[in-house]
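Data file: start-v5.csv. Format and content: CSV, C-alpha atoms and all ligand atoms.
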```
chain,number,residue,atom,x,y,z
A,1,MET,CA,83.7,167.3,348.0
A,2,ALA,CA,80.8,165.0,346.9
A,3,ASP,CA,77.8,164.8,349.2
A,4,ARG,CA,78.5,161.7,351.3
A,5,SER,CA,74.8,160.8,352.0
A,6,ALA,CA,74.0,161.1,348.2
A,7,VAL,CA,76.9,158.8,347.5
A,8,LYS,CA,75.7,156.3,350.0
A,9,GLU,CA,72.1,156.5,348.6
A,10,ALA,CA,73.4,155.8,345.1
A,11,LEU,CA,75.5,152.8,346.3
A,12,ARG,CA,72.4,151.4,348.0
A,13,ALA,CA,70.4,151.8,344.8
A,14,GLN,CA,72.9,150.2,342.5
A,15,ARG,CA,72.1,146.8,341.0
A,16,ILE,CA,74.6,144.3,339.5
A,17,GLU,CA,73.3,141.3,337.5
A,18,THR,CA,75.2,138.0,337.8
A,19,PRO,CA,75.5,135.4,335.0
A,20,SER,CA,74.1,131.9,335.5
A,21,TRP,CA,77.1,130.5,333.6
A,22,GLY,CA,79.5,132.0,336.2
A,23,TYR,CA,78.2,129.5,338.7
A,24,GLY,CA,78.9,126.4,336.5
A,25,ASN,CA,82.1,124.6,335.7
A,26,SER,CA,84.1,126.3,333.0
A,27,GLY,CA,87.6,126.3,331.6
A,28,THR,CA,89.5,126.9,328.4
A,29,ARG,CA,89.7,124.8,325.3
A,30,PHE,CA,92.6,123.0,327.0
A,31,LYS,CA,90.9,121.8,330.2
A,32,VAL,CA,87.8,122.3,332.3
A,33,PHE,CA,88.7,121.9,336.0
A,34,ALA,CA,85.5,120.6,337.6
A,35,GLN,CA,84.8,121.9,341.1
A,36,PRO,CA,82.9,120.1,343.8
A,37,GLY,CA,79.4,121.4,344.6
A,38,VAL,CA,78.7,123.3,341.4
A,39,PRO,CA,75.0,123.5,340.4
A,40,ARG,CA,73.5,120.7,338.4
A,41,ASP,CA,70.7,122.7,336.8
A,42,PRO,CA,69.4,126.2,336.5
A,43,PHE,CA,67.4,126.0,339.7
A,44,GLU,CA,70.7,125.3,341.6
A,45,LYS,CA,72.4,128.1,339.8
A,46,LEU,CA,69.7,130.5,341.1
A,47,ALA,CA,70.2,129.1,344.6
A,48,ASP,CA,73.9,130.0,344.4
A,49,ALA,CA,73.0,133.4,342.9
A,50,ALA,CA,70.8,134.0,346.0
A,51,GLN,CA,73.9,133.6,348.2
A,52,VAL,CA,75.6,136.4,346.2
A,53,HIS,CA,72.6,138.6,346.7
A,54,ALA,CA,72.3,137.7,350.4
A,55,ALA,CA,75.9,138.7,351.0
A,56,THR,CA,76.0,141.9,348.9
A,57,GLY,CA,72.3,143.0,348.8
A,58,VAL,CA,72.8,144.4,345.3
A,59,ALA,CA,72.6,141.4,343.0
A,60,PRO,CA,69.0,140.3,342.7
A,61,LYS,CA,69.0,139.7,338.9
A,62,VAL,CA,70.5,136.6,337.2
A,63,SER,CA,71.1,136.4,333.4
A,64,LEU,CA,70.2,133.2,331.7
A,65,HIS,CA,71.8,131.6,328.7
A,66,ILE,CA,69.7,129.5,326.4
A,67,PRO,CA,70.2,126.5,325.8
A,68,TRP,CA,72.6,126.2,328.7
A,69,ASP,CA,69.6,127.1,331.0
A,70,ARG,CA,66.9,125.4,329.1
A,71,VAL,CA,64.1,124.0,331.3
A,72,GLU,CA,60.7,122.5,330.8
A,73,ASP,CA,58.8,125.1,332.7
A,74,TYR,CA,60.2,128.7,332.7
A,75,GLY,CA,57.3,129.8,334.8
A,76,ALA,CA,58.5,127.4,337.5
A,77,LEU,CA,62.0,128.8,337.1
A,78,SER,CA,61.0,132.4,337.6
A,79,ALA,CA,58.8,131.4,340.5
A,80,HIS,CA,61.8,129.7,342.0
A,81,ALA,CA,63.8,132.9,341.5
A,82,ARG,CA,61.1,135.0,343.2
A,83,GLU,CA,61.0,132.6,346.2
A,84,LEU,CA,64.8,133.2,346.5
A,85,GLY,CA,64.3,137.0,346.3
A,86,LEU,CA,65.7,137.1,342.8
A,87,GLU,CA,64.5,138.0,339.3
A,88,ILE,CA,65.4,136.7,335.9
A,89,GLY,CA,67.6,139.2,334.1
A,90,ALA,CA,68.8,139.2,330.5
A,91,ILE,CA,68.1,136.2,328.3
A,92,ASN,CA,71.3,135.5,326.3
A,93,ALA,CA,70.7,133.8,323.0
A,94,ASN,CA,73.1,131.2,321.8
A,95,VAL,CA,73.5,130.7,318.1
A,96,PHE,CA,77.1,129.6,318.2
A,97,GLN,CA,77.3,126.1,319.5
A,98,ASP,CA,75.6,124.0,316.8
A,99,GLU,CA,77.2,122.2,313.8
A,100,ASP,CA,74.9,124.1,311.5
A,101,TYR,CA,76.5,127.4,312.5
A,102,LYS,CA,80.0,126.7,311.0
A,103,LEU,CA,79.5,129.4,308.4
A,104,GLY,CA,77.4,131.7,310.6
A,105,SER,CA,73.9,131.8,312.1
A,106,VAL,CA,71.7,134.7,311.0
A,107,THR,CA,74.3,135.7,308.4
A,108,HIS,CA,74.8,132.1,307.1
A,109,PRO,CA,74.6,131.9,303.3
A,110,ASP,CA,72.0,129.1,303.6
A,111,PRO,CA,68.4,130.4,304.3
A,112,ARG,CA,67.6,127.1,306.2
A,113,VAL,CA,70.3,127.8,308.8
A,114,ARG,CA,69.3,131.5,309.0
A,115,ARG,CA,65.7,130.4,309.7
A,116,LYS,CA,66.9,128.0,312.4
A,117,ALA,CA,68.9,130.7,314.1
A,118,LEU,CA,66.1,133.2,313.9
A,119,ASP,CA,63.7,130.7,315.4
A,120,HIS,CA,66.0,130.3,318.4
A,121,LEU,CA,66.1,134.1,318.9
A,122,LEU,CA,62.3,134.2,318.7
A,123,GLU,CA,62.2,131.3,321.2
A,124,CYS,CA,64.3,133.5,323.5
A,125,VAL,CA,61.6,136.2,323.4
A,126,ASP,CA,59.0,133.6,324.3
A,127,ILE,CA,61.2,132.7,327.3
A,128,MET,CA,61.4,136.4,328.2
A,129,ASP,CA,57.6,136.5,328.2
A,130,ALA,CA,57.5,133.4,330.5
A,131,THR,CA,60.1,134.7,332.9
A,132,GLY,CA,59.3,138.4,332.9
A,133,SER,CA,62.8,139.2,331.6
A,134,ARG,CA,63.2,142.7,330.1
A,135,ASP,CA,66.3,142.2,327.9
A,136,LEU,CA,67.3,139.9,325.0
A,137,LYS,CA,71.0,139.9,324.8
A,138,LEU,CA,72.5,139.0,321.4
A,139,TRP,CA,76.0,138.1,320.5
A,140,PHE,CA,76.8,136.6,317.1
A,141,SER,CA,79.9,134.6,316.5
A,142,ASP,CA,79.2,135.1,312.8
A,143,GLY,CA,81.9,136.1,310.4
A,144,THR,CA,84.4,134.7,307.9
A,145,ASN,CA,87.9,133.3,308.2
A,146,TYR,CA,89.2,134.1,304.7
A,147,PRO,CA,89.0,137.0,302.3
A,148,GLY,CA,86.4,136.2,299.6
A,149,GLN,CA,84.8,133.5,301.7
A,150,ASP,CA,81.4,135.4,301.7
A,151,ASP,CA,80.1,138.8,300.8
A,152,ILE,CA,80.5,141.2,303.6
A,153,SER,CA,77.6,143.4,302.6
A,154,ALA,CA,75.3,140.5,301.9
A,155,ARG,CA,76.0,139.3,305.4
A,156,GLN,CA,75.1,142.7,306.9
A,157,GLU,CA,71.8,142.6,305.0
A,158,ARG,CA,71.0,139.2,306.4
A,159,LEU,CA,71.9,140.4,309.9
A,160,SER,CA,69.7,143.4,309.5
A,161,ASP,CA,66.7,141.3,308.3
A,162,ALA,CA,67.0,138.9,311.2
A,163,LEU,CA,67.4,141.7,313.8
A,164,SER,CA,64.3,143.5,312.3
A,165,GLU,CA,62.2,140.3,312.6
A,166,VAL,CA,63.2,139.8,316.3
A,167,TYR,CA,62.7,143.5,317.1
A,168,GLY,CA,59.2,143.3,315.7
A,169,ARG,CA,58.5,140.4,318.0
A,170,LEU,CA,59.5,142.3,321.2
A,171,GLY,CA,56.8,143.4,323.7
A,172,ASP,CA,56.5,147.1,324.6
A,173,ASP,CA,58.6,146.6,327.8
A,174,GLN,CA,61.2,144.4,326.2
A,175,ARG,CA,64.5,145.5,324.7
A,176,MET,CA,67.1,144.0,322.4
A,177,LEU,CA,70.7,144.4,323.5
A,178,LEU,CA,73.3,143.9,320.8
A,179,GLU,CA,76.8,142.9,321.7
A,180,TYR,CA,79.9,143.3,319.6
A,181,LYS,CA,83.3,141.6,319.7
A,182,LEU,CA,86.3,142.3,317.5
A,183,PHE,CA,87.2,138.7,316.6
A,184,GLU,CA,86.8,135.1,317.6
A,185,PRO,CA,85.7,132.6,316.5
A,186,ALA,CA,85.8,134.3,313.1
A,187,PHE,CA,89.3,135.7,312.5
A,188,TYR,CA,89.1,137.6,309.2
A,189,ALA,CA,85.8,139.6,309.2
A,190,THR,CA,83.4,139.4,312.2
A,191,ASP,CA,79.9,140.6,311.3
A,192,VAL,CA,79.4,142.7,314.4
A,193,PRO,CA,83.0,143.6,315.3
A,194,ASP,CA,82.7,146.9,316.9
A,195,TRP,CA,80.4,149.4,318.6
A,196,GLY,CA,79.9,151.4,315.4
A,197,THR,CA,78.3,148.4,313.7
A,198,ALA,CA,76.2,147.5,316.7
A,199,TYR,CA,75.1,151.2,317.1
A,200,ALA,CA,74.2,151.5,313.4
A,201,HIS,CA,72.0,148.4,313.5
A,202,CYS,CA,70.4,149.6,316.8
A,203,LEU,CA,69.7,153.0,315.4
A,204,ARG,CA,67.9,151.6,312.4
A,205,LEU,CA,65.9,149.2,314.6
A,206,GLY,CA,64.5,151.8,317.0
A,207,PRO,CA,64.4,152.9,320.6
A,208,ARG,CA,64.2,149.5,322.2
A,209,ALA,CA,67.5,148.4,320.7
A,210,ALA,CA,70.7,149.3,322.4
A,211,VAL,CA,74.4,148.3,322.5
A,212,VAL,CA,76.1,146.2,325.1
A,213,VAL,CA,79.7,146.9,325.9
A,214,ASP,CA,81.5,143.7,327.0
A,215,THR,CA,84.7,145.0,328.4
A,216,GLY,CA,86.6,142.0,327.1
A,217,HIS,CA,85.7,142.5,323.5
A,218,HIS,CA,88.0,145.2,322.3
A,219,ALA,CA,91.5,145.5,320.8
A,220,PRO,CA,94.2,146.3,323.4
A,221,GLY,CA,94.5,150.0,324.0
A,222,THR,CA,90.9,150.8,323.0
A,223,ASN,CA,89.5,153.7,324.9
A,224,ILE,CA,86.3,152.0,326.2
A,225,GLU,CA,85.3,155.0,328.2
A,226,PHE,CA,85.0,157.0,325.0
A,227,ILE,CA,82.6,154.4,323.6
A,228,VAL,CA,80.6,154.5,326.8
A,229,ALA,CA,80.3,158.3,326.8
A,230,PHE,CA,79.3,158.4,323.2
A,231,LEU,CA,76.7,155.7,323.5
A,232,LEU,CA,75.2,157.2,326.6
A,233,ARG,CA,75.0,160.6,325.0
A,234,GLU,CA,73.0,159.0,322.2
A,235,GLY,CA,70.8,157.0,324.5
A,236,LYS,CA,72.1,153.8,323.1
A,237,LEU,CA,74.0,152.2,325.9
A,238,GLY,CA,71.9,149.2,326.9
A,239,GLY,CA,74.3,147.8,329.4
A,240,PHE,CA,77.7,146.2,330.2
A,241,ASP,CA,79.0,142.7,330.2
A,242,PHE,CA,81.7,143.3,332.8
A,243,ASN,CA,84.9,141.2,333.0
A,244,SER,CA,88.6,141.6,333.0
A,245,ARG,CA,91.1,140.8,330.2
A,246,PHE,CA,94.8,140.7,329.9
A,247,TYR,CA,94.9,139.4,326.3
A,248,ALA,CA,91.6,138.9,324.6
A,249,ASP,CA,88.2,137.6,325.8
A,250,ASP,CA,89.7,136.3,329.1
A,251,ASP,CA,86.4,136.6,331.1
A,252,LEU,CA,88.3,137.1,334.4
A,253,MET,CA,86.9,138.9,337.4
A,254,VAL,CA,85.9,142.5,336.7
A,255,GLY,CA,88.3,145.0,338.2
A,256,ALA,CA,91.0,142.4,338.6
A,257,ALA,CA,93.2,143.2,335.6
A,258,ASP,CA,92.7,147.0,335.4
A,259,PRO,CA,90.7,148.6,338.2
A,260,PHE,CA,91.6,152.0,336.8
A,261,GLN,CA,90.0,151.2,333.5
A,262,LEU,CA,86.8,150.2,335.3
A,263,PHE,CA,87.0,153.5,337.2
A,264,ARG,CA,87.4,155.5,334.0
A,265,ILE,CA,84.5,153.7,332.4
A,266,LEU,CA,82.2,154.3,335.4
A,267,HIS,CA,83.3,157.9,335.6
A,268,GLU,CA,81.7,158.3,332.1
A,269,VAL,CA,78.6,156.5,333.3
A,270,ALA,CA,78.3,158.9,336.2
A,271,GLY,CA,79.0,162.0,334.1
A,272,ASN,CA,76.4,161.0,331.5
A,273,GLY,CA,73.5,160.1,333.9
A,274,GLY,CA,74.0,156.3,333.4
A,275,PHE,CA,73.4,155.4,337.0
A,276,ALA,CA,69.9,156.7,336.9
A,277,PRO,CA,67.3,153.9,336.6
A,278,GLU,CA,65.6,155.7,333.7
A,279,ALA,CA,68.9,155.5,331.7
A,280,GLY,CA,68.2,151.8,331.5
A,281,VAL,CA,71.9,150.7,331.7
A,282,ALA,CA,72.1,147.0,332.8
A,283,PHE,CA,75.2,146.4,334.9
A,284,MET,CA,75.9,142.7,334.1
A,285,LEU,CA,78.8,140.5,334.8
A,286,ASP,CA,79.9,138.1,332.0
A,287,GLN,CA,82.6,136.0,333.6
A,288,CYS,CA,83.7,132.5,334.2
A,289,HIS,CA,85.6,131.2,337.1
A,290,ASN,CA,87.9,128.5,335.9
A,291,ILE,CA,90.3,127.9,338.7
A,292,GLU,CA,88.9,130.0,341.6
A,293,ALA,CA,85.9,129.2,343.9
A,294,LYS,CA,82.9,130.6,342.0
A,295,ILE,CA,80.5,132.1,344.5
A,296,PRO,CA,83.1,134.1,346.4
A,297,ALA,CA,84.7,135.2,343.1
A,298,ILE,CA,81.3,136.5,342.0
A,299,ILE,CA,80.8,138.3,345.3
A,300,ARG,CA,84.3,139.8,344.9
A,301,SER,CA,83.4,140.9,341.4
A,302,VAL,CA,80.2,142.6,342.6
A,303,MET,CA,82.3,144.3,345.3
A,304,ASN,CA,84.9,145.5,342.7
A,305,VAL,CA,82.1,147.2,340.7
A,306,GLN,CA,80.8,148.7,343.9
A,307,GLU,CA,84.3,150.0,344.8
A,308,ALA,CA,84.8,151.6,341.4
A,309,THR,CA,81.3,153.1,341.6
A,310,ALA,CA,82.0,154.6,345.0
A,311,LYS,CA,85.2,156.2,343.7
A,312,VAL,CA,83.5,157.8,340.7
A,313,LEU,CA,80.7,159.1,342.9
A,314,LEU,CA,83.3,160.7,345.1
A,315,VAL,CA,84.8,162.7,342.2
A,316,ASP,CA,84.5,166.4,343.1
A,317,ARG,CA,82.5,167.3,340.0
A,318,PRO,CA,82.3,171.1,340.5
A,319,ALA,CA,86.1,171.2,341.0
A,320,LEU,CA,86.6,169.0,338.0
A,321,THR,CA,84.5,171.2,335.8
A,322,ALA,CA,86.1,174.4,337.1
A,323,ALA,CA,89.6,172.9,336.3
A,324,GLN,CA,88.5,171.7,332.9
A,325,ASN,CA,87.0,175.1,332.0
A,326,ALA,CA,90.0,176.9,333.2
A,327,GLY,CA,92.2,174.7,331.0
A,328,ASP,CA,94.0,173.4,334.1
A,329,VAL,CA,95.2,170.1,332.7
A,330,LEU,CA,97.0,168.9,335.8
A,331,GLY,CA,94.4,170.2,338.2
A,332,ALA,CA,91.6,168.4,336.4
A,333,ASN,CA,93.6,165.2,336.3
A,334,GLU,CA,94.4,165.6,340.0
A,335,VAL,CA,90.7,165.9,340.9
A,336,LEU,CA,90.0,162.6,339.2
A,337,MET,CA,93.1,160.8,340.6
A,338,ASP,CA,92.2,162.0,344.1
A,339,ALA,CA,88.9,160.2,343.9
A,340,TYR,CA,90.6,157.1,342.4
A,341,ALA,CA,93.1,157.1,345.2
A,342,THR,CA,90.4,157.1,347.9
A,343,ASP,CA,90.0,154.0,350.0
A,344,VAL,CA,86.3,153.5,349.7
A,345,ARG,CA,86.2,150.2,351.6
A,346,PRO,CA,85.2,151.8,354.9
A,347,LEU,CA,82.4,153.7,353.1
A,348,LEU,CA,81.0,150.5,351.5
A,349,ALA,CA,81.3,148.7,354.9
A,350,GLU,CA,79.2,151.4,356.4
A,351,VAL,CA,76.6,151.2,353.6
A,352,ARG,CA,76.3,147.5,354.1
A,353,ALA,CA,76.1,147.7,357.9
A,354,GLU,CA,73.3,150.3,357.6
A,355,ALA,CA,71.5,147.9,355.3
A,356,GLY,CA,71.7,145.1,357.9
A,357,LEU,CA,74.4,143.3,355.9
A,358,ASP,CA,77.8,142.0,357.1
A,359,PRO,CA,80.4,144.7,356.1
A,360,ASN,CA,82.5,141.9,354.7
A,361,PRO,CA,80.4,139.9,352.1
A,362,VAL,CA,83.1,137.3,351.3
A,363,ALA,CA,83.6,136.5,355.0
A,364,ALA,CA,79.8,136.4,355.5
A,365,TYR,CA,79.5,133.9,352.7
A,366,ARG,CA,82.3,131.8,354.1
A,367,ALA,CA,80.8,131.8,357.6
A,368,GLY,CA,77.4,130.8,356.3
A,369,GLY,CA,78.3,127.2,355.5
A,370,TRP,CA,76.8,127.2,352.0
A,371,ALA,CA,80.1,126.1,350.4
A,372,GLU,CA,80.2,123.0,352.6
A,373,LYS,CA,76.5,122.3,352.1
A,374,ILE,CA,76.6,122.2,348.3
A,375,VAL,CA,79.7,120.0,348.2
A,376,ALA,CA,77.9,117.6,350.4
A,377,GLU,CA,74.6,117.7,348.6
A,378,ARG,CA,75.5,118.1,344.9
A,379,ALA,CA,77.4,115.6,342.8
A,380,GLY,CA,78.3,115.9,339.1
A,381,GLY,CA,77.9,119.6,338.6
A,382,ALA,CA,76.9,120.9,335.2
A,383,GLN,CA,79.4,122.6,332.9
A,384,ALA,CA,78.8,126.3,332.3
A,385,GLY,CA,78.7,125.6,328.6
A,386,TRP,CA,82.1,127.1,328.0
A,387,GLY,CA,85.4,125.4,327.1
A,388,ALA,CA,83.9,121.9,326.5
B,1,LIG,C1,80.8,136.1,323.9
B,1,LIG,C2,80.1,136.4,325.1
B,1,LIG,C3,78.7,136.6,324.9
B,1,LIG,C4,78.1,135.3,325.2
B,1,LIG,C5,78.9,135.0,326.5
B,1,LIG,C6,78.8,133.7,327.1
B,1,LIG,O1,82.2,136.1,324.0
B,1,LIG,O2,80.7,137.5,325.8
B,1,LIG,O3,78.1,137.6,325.8
B,1,LIG,O4,76.8,135.2,325.4
B,1,LIG,O5,80.2,135.3,326.0
B,2,MN,MN,79.5,139.1,326.8
B,3,MN,MN,82.9,137.4,325.6
```
If you convert what's in this file into structure tokens, what do you get?
Amino acid sequence: MADRSAVKEALRAQRIETPSWGYGNSGTRFKVFAQPGVPRDPFEKLADAAQVHAATGVAPKVSLHIPWDRVEDYGALSAHARELGLEIGAINANVFQDEDYKLGSVTHPDPRVRRKALDHLLECVDIMDATGSRDLKLWFSDGTNYPGQDDISARQERLSDALSEVYGRLGDDQRMLLEYKLFEPAFYATDVPDWGTAYAHCLRLGPRAAVVVDTGHHAPGTNIEFIVAFLLREGKLGGFDFNSRFYADDDLMVGAADPFQLFRILHEVAGNGGFAPEAGVAFMLDQCHNIEAKIPAIIRSVMNVQEATAKVLLVDRPALTAAQNAGDVLGANEVLMDAYATDVRPLLAEVRAEAGLDPNPVAAYRAGGWAEKIVAERAGGAQAGWGA
């Protein structure tokens, strides 16, 4: 059996980063259902994130998305974060919501558009300097819709040039995290469609470039845990964008659609040293809450990651290795399934109580009166930037 106090210690040390856009109004291309009390600016998004951290104790970092979170004074924004007990997490660049980007951003055939996209990425590094953020997170919507539309290799070359320039601009303690996604909005050939492409670019760039695995960005049936194990082994797993999907890039709450997949992924994280701070894996959420209340949904998502983490930490590793080495197929599988079947909610309640938190974070949030306060005080909440 795994050492219970070591498991508790690891759960206490875990950090889960929440996305600023999860706090704003969002929807699909069909409809955005506005909710009362949503934040009107990035300062209020941070105030909501502070509620998630207060309830869970493990969510002090908040990812920003530029320009959705553009402000005059980033120093003031990070000071506000610090006053709330928070830190600015990854800076997510956005080179996909401008007329100019119809044919791509950094891979666009027109050098003027490429320069504009690159300037935005460099601006994001300036924002990292001003906020103390460690990670620049890049996702490119670039790609083509029709065979022959553009030259696949030329686009890779343009991508590589842009990434090199941004990489060269990073400070010593800053990293570039490159996301991949198999399709959408480009439907024929996406320029960074898979982990192999992202990995190859990161490898060429150097040690401060690593891959982000967004759990919603794969074809159905993809073995994401294999990708995670491989990247960790190579020192190239920069982090996760956690969410759940039933069909494509659904952005639903992590652990909601397939908690067993989340367990399998985190089992590889545990087995390859990915929970150690020096591994540098950022555990981020990338979700939107279109129809459910946002803050409690984010608290639930944090708890879902914690529950899956607790289960993988409970895997009896020596018994697993012994069964694997003995070729005991069913025995090895049983060791893993035993951990998965464990109800870890009492253990997590204990960890929270020992940290001076309410054992039930959602109930604590509901009892705190924040939901009523923001409905009363905020009118005309901002859209997350999604589904306009
Ligand atoms: C793209 C993506 C990427 C964006 C975020 C809002 O689908 O996952 O991480 O920055 O959505
Ligand atoms: Mn993402
Ligand atoms: Mn996505």
Residue among A:Phe263, A:Tyr188, A:Tyr340, A:Tyr180 lying closest to ligand MN 3 (chain B), counting all atoms listed in the file: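 Between A:Phe263, A:Tyr188, A:Tyr340, A:Tyr180, the residue approaching ligand MN 3 (chain B) most closely is A:Tyr180.
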Please identify all polymer residues within 6 Å of A:Leu178, counting all atoms listed in the file, omitting same-chain residues fewer than 6 positions from it, and present them as a PyMOL selection string. chain A and resi 138+211-212
With C-alpha atoms retained, could you export that selection as a PDB file, keeping the file's coordinate frame?
```pdb
ATOM      1  CA  LEU A 138      72.500 139.000 321.400  1.00  0.00           C
ATOM      2  CA  VAL A 211      74.400 148.300 322.500  1.00  0.00           C
ATOM      3  CA  VAL A 212      76.100 146.200 325.100  1.00  0.00           C
TER       4      VAL A 212
END
```
Interatomic distance (Å, one decimal) between atom CA of A:Leu136 and atom CA of A:Ala34: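 The value is 29.4 Å.
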Please determine, counting all atoms listed in the file, which residue among A:Ile374, A:Val95, A:Ala248, A:Leu11 has the shortest atom-to-atom distance to ligand MN 3 (chain B). A:Ala248
Using all atoms listed in the file, which residue out of A:Asp150, A:Glu278, A:Glu225, A:Asp142 lies closest to ligand LIG 1 (chain B)?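 Nearest candidate to ligand LIG 1 (chain B) out of A:Asp150, A:Glu278, A:Glu225, A:Asp142: A:Asp142.
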Could N, CA and C atoms be built for stretch 120-143 of chain A and written out as a short mmCIF file (atom, residue, chain, number, x, y, z; two decimals), keeping the file's coordinate frame?
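Written file, result.cif:
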```cif
data_model
loop_
_atom_site.label_atom_id
_atom_site.label_comp_id
_atom_site.auth_asym_id
_atom_site.auth_seq_id
_atom_site.Cartn_x
_atom_site.Cartn_y
_atom_site.Cartn_z
N HIS A 120 65.47 130.37 316.99
CA HIS A 120 66.00 130.30 318.40
C HIS A 120 65.89 131.71 319.03
N LEU A 121 66.19 132.76 318.27
CA LEU A 121 66.10 134.10 318.90
C LEU A 121 64.64 134.40 319.25
N LEU A 122 63.70 133.97 318.41
CA LEU A 122 62.30 134.20 318.70
C LEU A 122 61.87 133.36 319.94
N GLU A 123 62.43 132.16 320.06
CA GLU A 123 62.20 131.30 321.20
C GLU A 123 62.66 132.04 322.50
N CYS A 124 63.77 132.74 322.37
CA CYS A 124 64.30 133.50 323.50
C CYS A 124 63.31 134.57 323.96
N VAL A 125 62.61 135.18 323.00
CA VAL A 125 61.60 136.20 323.40
C VAL A 125 60.44 135.51 324.08
N ASP A 126 60.07 134.30 323.62
CA ASP A 126 59.00 133.60 324.30
C ASP A 126 59.46 133.32 325.79
N ILE A 127 60.73 133.00 325.97
CA ILE A 127 61.20 132.70 327.30
C ILE A 127 61.22 134.04 328.16
N MET A 128 61.48 135.15 327.49
CA MET A 128 61.40 136.40 328.20
C MET A 128 59.92 136.67 328.66
N ASP A 129 58.97 136.33 327.80
CA ASP A 129 57.60 136.50 328.20
C ASP A 129 57.24 135.61 329.40
N ALA A 130 57.78 134.39 329.40
CA ALA A 130 57.50 133.40 330.50
C ALA A 130 58.17 133.79 331.79
N THR A 131 59.31 134.45 331.69
CA THR A 131 60.10 134.70 332.90
C THR A 131 59.99 136.17 333.37
N GLY A 132 59.40 137.02 332.56
CA GLY A 132 59.30 138.40 332.90
C GLY A 132 60.64 139.17 332.68
N SER A 133 61.51 138.57 331.91
CA SER A 133 62.80 139.20 331.60
C SER A 133 62.60 140.40 330.68
N ARG A 134 63.38 141.45 330.91
CA ARG A 134 63.20 142.70 330.10
C ARG A 134 64.12 142.63 328.84
N ASP A 135 65.29 142.00 328.96
CA ASP A 135 66.30 142.20 327.90
C ASP A 135 66.68 140.89 327.19
N LEU A 136 66.72 141.00 325.87
CA LEU A 136 67.30 139.90 325.00
C LEU A 136 68.67 140.33 324.67
N LYS A 137 69.64 139.52 325.05
CA LYS A 137 71.00 139.90 324.80
C LYS A 137 71.55 139.01 323.63
N LEU A 138 72.02 139.69 322.57
CA LEU A 138 72.50 139.00 321.40
C LEU A 138 73.94 139.17 321.13
N TRP A 139 74.61 138.06 321.03
CA TRP A 139 76.00 138.10 320.50
C TRP A 139 76.10 137.07 319.43
N PHE A 140 76.66 137.51 318.30
CA PHE A 140 76.80 136.60 317.10
C PHE A 140 78.26 136.28 316.91
N SER A 141 78.51 135.00 316.78
CA SER A 141 79.90 134.60 316.50
C SER A 141 80.13 134.66 314.97
N ASP A 142 79.13 135.13 314.24
CA ASP A 142 79.20 135.10 312.80
C ASP A 142 80.31 135.94 312.20
N GLY A 143 80.88 135.40 311.15
CA GLY A 143 81.90 136.10 310.40
C GLY A 143 82.61 135.14 309.49
#
```
